[in-house]
Every structure is written in C-alpha cells, then in structure tokens.
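Chemist: Just so it is clear, I am handing over input35.txt, which has compact mmCIF, C-alpha atoms.
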```
# COMPACT_ATOMS: atom_id res chain seq x y z
CA LYS A 10 -17.69 -15.65 -4.70
CA ASN A 11 -15.83 -12.48 -3.82
CA GLN A 12 -17.27 -9.50 -5.61
CA VAL A 13 -13.83 -7.91 -5.92
CA GLU A 14 -11.11 -9.93 -7.62
CA GLN A 15 -7.50 -8.76 -7.71
CA SER A 16 -4.66 -10.00 -9.87
CA PRO A 17 -1.97 -11.04 -9.70
CA GLN A 18 -2.02 -12.49 -6.21
CA SER A 19 1.63 -11.53 -5.85
CA LEU A 20 4.47 -10.17 -7.91
CA ILE A 21 8.16 -9.44 -7.61
CA ILE A 22 9.68 -6.48 -9.43
CA LEU A 23 13.09 -4.89 -9.61
CA GLU A 24 13.63 -1.52 -8.03
CA GLY A 25 13.05 1.23 -10.55
CA LYS A 26 10.69 -0.78 -12.73
CA ASN A 27 6.99 -0.14 -13.27
CA CYS A 28 4.11 -2.50 -12.53
CA THR A 29 0.34 -2.62 -12.89
CA LEU A 30 -2.14 -4.28 -10.59
CA GLN A 31 -5.65 -5.23 -11.65
CA CYS A 32 -9.01 -5.13 -9.91
CA ASN A 33 -12.25 -6.50 -11.37
CA TYR A 34 -15.50 -6.12 -9.52
CA THR A 35 -19.13 -7.12 -9.76
CA VAL A 36 -20.41 -4.90 -6.95
CA SER A 37 -23.58 -3.04 -7.87
CA PRO A 38 -24.69 -0.33 -7.52
CA PHE A 39 -21.36 1.42 -7.56
CA SER A 40 -20.43 4.42 -5.43
CA ASN A 41 -16.67 4.56 -5.32
CA LEU A 42 -13.50 2.51 -5.67
CA ARG A 43 -10.49 2.88 -3.42
CA TRP A 44 -6.97 1.60 -3.48
CA TYR A 45 -5.13 1.08 -0.20
CA LYS A 46 -1.54 0.21 0.63
CA GLN A 47 -0.99 -2.07 3.60
CA ASP A 48 2.45 -2.66 5.05
CA THR A 49 2.95 -5.95 6.87
CA GLY A 50 1.38 -5.87 10.32
CA ARG A 51 -0.06 -2.40 9.84
CA GLY A 52 -3.40 -0.87 8.95
CA PRO A 53 -4.19 0.05 5.32
CA VAL A 54 -3.50 3.57 4.13
CA SER A 55 -5.58 5.22 1.42
CA LEU A 56 -3.87 5.87 -1.93
CA THR A 57 -6.71 6.94 -4.22
CA ILE A 58 -10.49 7.18 -4.30
CA MET A 59 -12.51 7.37 -7.50
CA THR A 60 -16.20 7.88 -8.04
CA PHE A 61 -18.23 6.84 -11.07
CA SER A 62 -17.36 9.93 -13.08
CA GLU A 63 -13.61 9.71 -12.57
CA ASN A 64 -11.46 7.51 -14.77
CA THR A 65 -7.99 8.33 -13.49
CA LYS A 66 -6.41 9.65 -10.34
CA SER A 67 -2.80 10.01 -9.28
CA ASN A 68 -1.03 10.13 -5.97
CA GLY A 69 2.68 10.64 -6.53
CA ARG A 70 4.05 7.56 -8.29
CA TYR A 71 0.70 5.78 -7.97
CA THR A 72 -1.89 6.16 -10.75
CA ALA A 73 -5.28 4.49 -10.59
CA THR A 74 -7.67 4.08 -13.48
CA LEU A 75 -11.32 3.14 -13.50
CA ASP A 76 -13.56 1.83 -16.25
CA ALA A 77 -17.02 1.75 -14.71
CA ASP A 78 -18.51 0.23 -17.86
CA THR A 79 -16.33 -2.88 -17.74
CA LYS A 80 -16.04 -2.73 -13.93
CA GLN A 81 -12.28 -2.77 -14.00
CA SER A 82 -9.63 -0.73 -12.23
CA SER A 83 -5.88 -0.75 -12.29
CA LEU A 84 -3.15 0.67 -10.09
CA HIS A 85 0.10 1.58 -11.81
CA ILE A 86 3.28 2.03 -9.79
CA THR A 87 5.96 4.03 -11.56
CA ALA A 88 9.69 3.75 -10.83
CA SER A 89 9.16 1.37 -7.92
CA GLN A 90 11.06 1.82 -4.67
CA LEU A 91 11.87 -0.66 -1.93
CA SER A 92 9.29 1.08 0.26
CA ASP A 93 6.58 0.09 -2.23
CA SER A 94 6.82 -3.48 -0.95
CA ALA A 95 3.38 -4.02 0.55
CA SER A 96 -0.07 -5.44 -0.10
CA TYR A 97 -2.30 -3.33 -2.33
CA ILE A 98 -5.99 -3.65 -1.69
CA CYS A 99 -8.88 -2.69 -3.96
CA VAL A 100 -12.13 -1.73 -2.21
CA VAL A 101 -15.49 -1.12 -3.85
CA SER A 102 -18.52 0.34 -2.11
CA THR A 103 -22.16 0.80 -2.96
CA ASP A 104 -22.52 3.87 -0.77
CA SER A 105 -20.39 6.33 1.14
CA TRP A 106 -20.83 4.88 4.58
CA GLY A 107 -21.91 1.36 4.97
CA LYS A 108 -20.54 -1.77 3.50
CA PHE A 109 -17.43 -2.10 1.45
CA GLN A 110 -16.24 -5.09 -0.53
CA PHE A 111 -12.52 -5.72 -0.12
CA GLY A 112 -10.32 -7.57 -2.54
CA ALA A 113 -7.82 -10.05 -1.14
CA GLY A 114 -4.95 -7.80 -2.18
CA THR A 115 -1.87 -8.08 -4.38
CA GLN A 116 1.39 -8.63 -2.54
CA VAL A 117 4.15 -6.61 -4.18
CA VAL A 118 7.81 -7.25 -3.41
CA VAL A 119 10.37 -4.80 -4.74
CA THR A 120 13.92 -6.17 -4.86
CA PRO A 121 17.19 -4.24 -5.20
CA ASP L 9 -2.03 5.75 11.88
CA GLY L 10 -4.26 8.73 11.20
CA GLY L 11 -5.36 9.45 14.77
CA ILE L 12 -6.78 6.01 15.47
CA THR L 13 -5.30 4.03 18.32
CA GLN L 14 -5.87 0.32 18.75
CA SER L 15 -4.78 -1.59 21.80
CA PRO L 16 -3.32 -3.94 22.62
CA LYS L 17 -1.12 -4.73 19.65
CA TYR L 18 -1.09 -8.42 20.57
CA LEU L 19 -3.72 -10.30 22.56
CA PHE L 20 -4.07 -13.88 23.65
CA ARG L 21 -7.35 -15.52 24.51
CA LYS L 22 -7.94 -18.62 26.57
CA GLU L 23 -10.75 -20.98 25.67
CA GLY L 24 -14.09 -19.78 27.01
CA GLN L 25 -12.80 -16.29 27.68
CA ASN L 26 -14.19 -13.00 26.41
CA VAL L 27 -11.64 -10.40 25.36
CA THR L 28 -12.10 -6.75 24.44
CA LEU L 29 -10.17 -4.85 21.80
CA SER L 30 -9.92 -1.11 22.18
CA CYS L 31 -10.31 1.46 19.42
CA GLU L 32 -10.07 5.20 20.06
CA GLN L 33 -10.06 8.02 17.49
CA ASN L 34 -9.38 11.73 17.87
CA LEU L 35 -10.45 12.68 14.35
CA ASN L 36 -14.00 13.65 15.35
CA HIS L 37 -15.34 11.11 12.87
CA ASP L 38 -18.92 9.95 13.10
CA ALA L 39 -18.50 6.50 11.55
CA MET L 40 -16.37 3.70 12.95
CA TYR L 41 -15.80 0.17 11.73
CA TRP L 42 -14.36 -3.16 12.84
CA TYR L 43 -12.84 -5.55 10.32
CA ARG L 44 -11.28 -8.95 10.53
CA GLN L 45 -8.36 -9.88 8.26
CA ASP L 46 -7.34 -13.48 7.61
CA PRO L 47 -4.41 -14.55 5.42
CA GLY L 48 -5.26 -14.58 1.71
CA GLN L 49 -8.66 -13.00 2.26
CA GLY L 50 -10.01 -9.52 1.98
CA LEU L 51 -11.06 -7.58 5.05
CA ARG L 52 -14.47 -8.61 6.33
CA LEU L 53 -16.79 -6.26 8.15
CA ILE L 54 -17.77 -7.26 11.69
CA TYR L 55 -19.70 -4.22 12.91
CA TYR L 56 -20.00 -0.57 12.05
CA SER L 57 -21.45 2.49 13.70
CA GLN L 58 -22.50 5.71 12.03
CA ILE L 59 -23.49 7.56 15.18
CA VAL L 60 -23.20 7.30 18.95
CA ASN L 61 -25.42 4.69 20.58
CA ASP L 62 -26.16 3.03 17.25
CA PHE L 63 -24.40 0.24 15.38
CA GLN L 64 -25.13 -2.35 12.70
CA LYS L 65 -23.98 -5.88 12.10
CA GLY L 66 -21.61 -6.53 9.29
CA ASP L 67 -21.07 -9.72 7.36
CA ILE L 68 -19.51 -11.74 10.19
CA ALA L 69 -20.98 -10.37 13.42
CA GLU L 70 -21.65 -13.73 15.09
CA GLY L 71 -19.51 -14.20 18.18
CA TYR L 72 -18.69 -10.49 18.47
CA SER L 73 -20.27 -7.54 20.26
CA VAL L 74 -19.65 -3.80 20.24
CA SER L 75 -20.74 -0.62 21.98
CA ARG L 76 -20.65 3.04 20.97
CA GLU L 77 -21.21 5.07 24.11
CA LYS L 78 -18.81 7.82 23.06
CA LYS L 79 -18.04 9.26 19.64
CA GLU L 80 -14.34 8.59 20.00
CA SER L 81 -14.54 5.01 21.24
CA PHE L 82 -15.75 1.79 19.60
CA PRO L 83 -14.59 -1.29 21.55
CA LEU L 84 -15.00 -4.79 20.16
CA THR L 85 -15.58 -7.81 22.38
CA VAL L 86 -14.68 -11.23 21.05
CA THR L 87 -16.90 -13.60 22.96
CA SER L 88 -16.43 -17.27 23.75
CA ALA L 89 -19.03 -17.97 21.06
CA GLN L 90 -16.48 -17.03 18.39
CA LYS L 91 -14.84 -20.40 17.84
CA ASN L 92 -12.14 -19.24 15.45
CA PRO L 93 -11.00 -15.86 16.74
CA THR L 94 -7.38 -15.99 15.60
CA ALA L 95 -6.99 -13.10 13.15
CA PHE L 96 -5.77 -9.57 12.65
CA TYR L 97 -8.43 -7.06 13.72
CA LEU L 98 -8.57 -3.59 12.23
CA CYS L 99 -10.57 -0.60 13.37
CA ALA L 100 -11.34 2.29 11.02
CA SER L 101 -13.13 5.61 11.09
CA GLN L 102 -14.57 7.87 8.44
CA GLY L 103 -15.64 11.50 8.51
CA SER L 104 -18.58 13.09 6.79
CA SER L 105 -16.60 15.18 4.32
CA GLY L 106 -15.14 12.43 2.19
CA TYR L 107 -14.78 8.77 1.47
CA ILE L 108 -11.44 8.14 3.13
CA GLN L 109 -11.34 5.54 5.87
CA TYR L 110 -8.51 5.84 8.34
CA PHE L 111 -7.28 2.63 9.90
CA GLY L 112 -5.59 1.84 13.17
CA ALA L 113 -2.44 -0.27 13.40
CA GLY L 114 -4.42 -3.40 14.24
CA THR L 115 -4.61 -5.98 17.01
CA ARG L 116 -3.40 -9.50 16.43
CA LEU L 117 -5.48 -11.97 18.43
CA SER L 118 -4.32 -15.51 19.07
CA VAL L 119 -5.78 -18.40 21.00
CA LEU L 120 -3.76 -20.09 23.76
```
Let me see the file written as structure tokens.

Modeler:
Amino acid sequence: KNQVEQSPQSLIILEGKNCTLQCNYTVSPFSNLRWYKQDTGRGPVSLTIMTFSENTKSNGRYTATLDADTKQSSLHITASQLSDSASYICVVSTDSWGKFQFGAGTQVVVTP
Amino acid sequence: DGGITQSPKYLFRKEGQNVTLSCEQNLNHDAMYWYRQDPGQGLRLIYYSQIVNDFQKGDIAEGYSVSREKKESFPLTVTSAQKNPTAFYLCASQGSSGYIQYFGAGTRLSVL
C-alpha cells in the first residue's frame, strides 16, 4: 500500500476558481513534505517544502498546509490559470537525502 | 530544468539490448537520483548517489545499473534483465543546503 495517498485523482476547474488538493501519508518518521508541479512530459518542479514545525507555506497562488499530527497536507490553488493545468505530486521523506515516498499525483485541468 | 540535462529525450530499446540514459548536472550538487514513472503511479526510486564513487539501490533497482565517476554525471543503464523497461525516467539532484530536488526533463524509453 502506498504510504502517500492523494485525492482526488483528477479534477477539472474553471479558470479563475480555487481548488484544494489533499495528501494523506503514513510515512514515519517524518522529515519533510514537498509539493511538486509536473507538466505533461516534463520533470517535476518544486512548489513548497515544509518541515515538521511548519504548518503553512505559500508560493504565489499556491498555499500548502501541513498537519503533522493527523499526517495530512493540502495544496490550495487560488484564482486558477490555464497554466496551472498539470499533475501535482505530494512527496514525503524520512530524511533529507535518501528515500522519498511519492504520491501518484492529482491531475488538474483548468478550462476557460 | 534547473541545470540538469537528460538525454536522449526519447529512446527505443530492442529485446536483449542494454541502453544507457544520460544525466548531467551543473549545479554542483552532491546527491543525484534516478526515478521511474509509470502512468497512475508515483515516482519510484531506482538508484541514488550521495557522493562520487558511491551509490545505493532504491526500491526497484533490479535490471538497472549506475555509475558515479564524476560529480556532475550519473548515467543509468537499463539492462536486458529489465523485462518491462517502458516508462518515463527522471533524474534529479539535490544540494546540501536545502531539501529541494531539481529534476531533468526526462527520458521516455520504449521497447521495439
């Protein structure tokens, strides 16, 4: 069973609307949680990184939250744009260097 | 793509053939990683290296081999022992000052 579960698997939203993606994990011990954006056929690009002591972090219109007690994270996209259409991947690691557990991603499609 | 170059972008393998995927980085990062991405699944770690001349197996190392003779280079060989090599392969690197992994643009490998 994957230790990082993302939901929904996919979603379609209208341009200008907001959306929230979810990430639940069972990875332990916990070092940090990252959100990546991956355009089709490209490598992932880092959006946010949060350690145990951080519960929110923003990067422009992207805001990530972390509840280390419940092992849940969310990524909120505000005022979506067509360029936000991509897969959003949640990654949890037990240390800074070695192995990371990747979620399967949420495919977001923004329509005009 | 954050200073990481993967080549080729597309690669075709004949049965019984070994093929090598190139990954070069000019970010002066110590750690480098190889991942495999299949549709609907999270990235899975093949091999990683934290220092020159040293590397560790990831979760799915069987049928793959790597070398790390230079800091900037981390080639991946897909051997004939890998019976299901069709996938999107991603190389990443990480520096010592933070948690961000930088990814290359990927190589899509198919079997003829």

Chemist: Of the candidates L:Gly24, L:Asn61, L:Gly71, L:Met40, which one gets nearest to Gln109 of chain L if we count all atoms listed in the file?

Modeler: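 Closest residue, counting all atoms listed in the file: L:Met40.
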
Chemist: Kindly extract all protein, DNA and RNA residues lying within 10 Å of the coordinates (-3.5, -4.7, 17.7) given in the file, considering all atoms listed in the file, and supply them as a list in words.

Modeler: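 Checking each residue against the 10 Å limit leaves Gly50, Arg51 and Gly52 of chain A; Thr13, Gln14, Ser15, Pro16, Lys17, Tyr18, Leu19, Leu29, Ser30, Cys31, Phe96, Tyr97, Leu98, Cys99, Gly112, Ala113, Gly114, Thr115, Arg116 and Leu117 of chain L.
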
Chemist: Taking all atoms listed in the file into account, report as a list of chain:residue names which residues of chain A lie within 7 Å of chain L.

Modeler: A:Arg51, A:Gly52, A:Pro53, A:Val54, A:Ser55, A:Ser105, A:Phe111, A:Gly112, A:Ala113, A:Gly114

Chemist: Report the distance between atom CA of His37 of chain L and atom CA of Lys65 of chain L in Å, rounded to one decimal place.

Modeler: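 Going from atom CA of His37 of chain L over to atom CA of Lys65 of chain L covers 19.1 Å.
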
Chemist: Could you pull the residues within 6 Å of Tyr71 of chain A, counting all atoms listed in the file, minus those fewer than 2 positions along the same chain, as an NGL selection string?

Modeler: :A and (67-69 or 85-86)

Chemist: Compare A:Val36, A:Ile21, A:Ala95, A:Val100 by their minimum atom-to-atom distance to Thr57 of chain A, counting all atoms listed in the file, and give me the closest one.

Modeler: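 The answer is A:Val100, which sits nearest to Thr57 of chain A.
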
Chemist: Within 10 Å of (-17.7, -19.4, 27.6) in the file's own coordinates, which protein, DNA or RNA residues have an atom, counting all atoms listed in the file? List them as an MDAnalysis selection string.

Modeler: chainID L and resid 22:26 87:90

Chemist: When you look at Gln31 of chain A with a cut-off of 10 Å (counting all atoms listed in the file), what residues show up, excluding the ones that are within fewer than 5 positions of it in the same chain? I need them as a PyMOL selection string.

Modeler: chain A and resi 14-18+73-74+81-85+99+114-115

Chemist: Quick check, in Å to one decimal: how far apart do atom CA of Val118 of chain A and atom CA of Ile98 of chain A lie?

Modeler: 14.4 Å

Chemist: Which of these residues is nearest to Cys28 of chain A, using all atoms listed in the file: A:Val101, A:Leu56, A:Val117, A:Leu75?

Modeler: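 Looking only at the distances to Cys28 of chain A, the closest residue turns out to be A:Val117.
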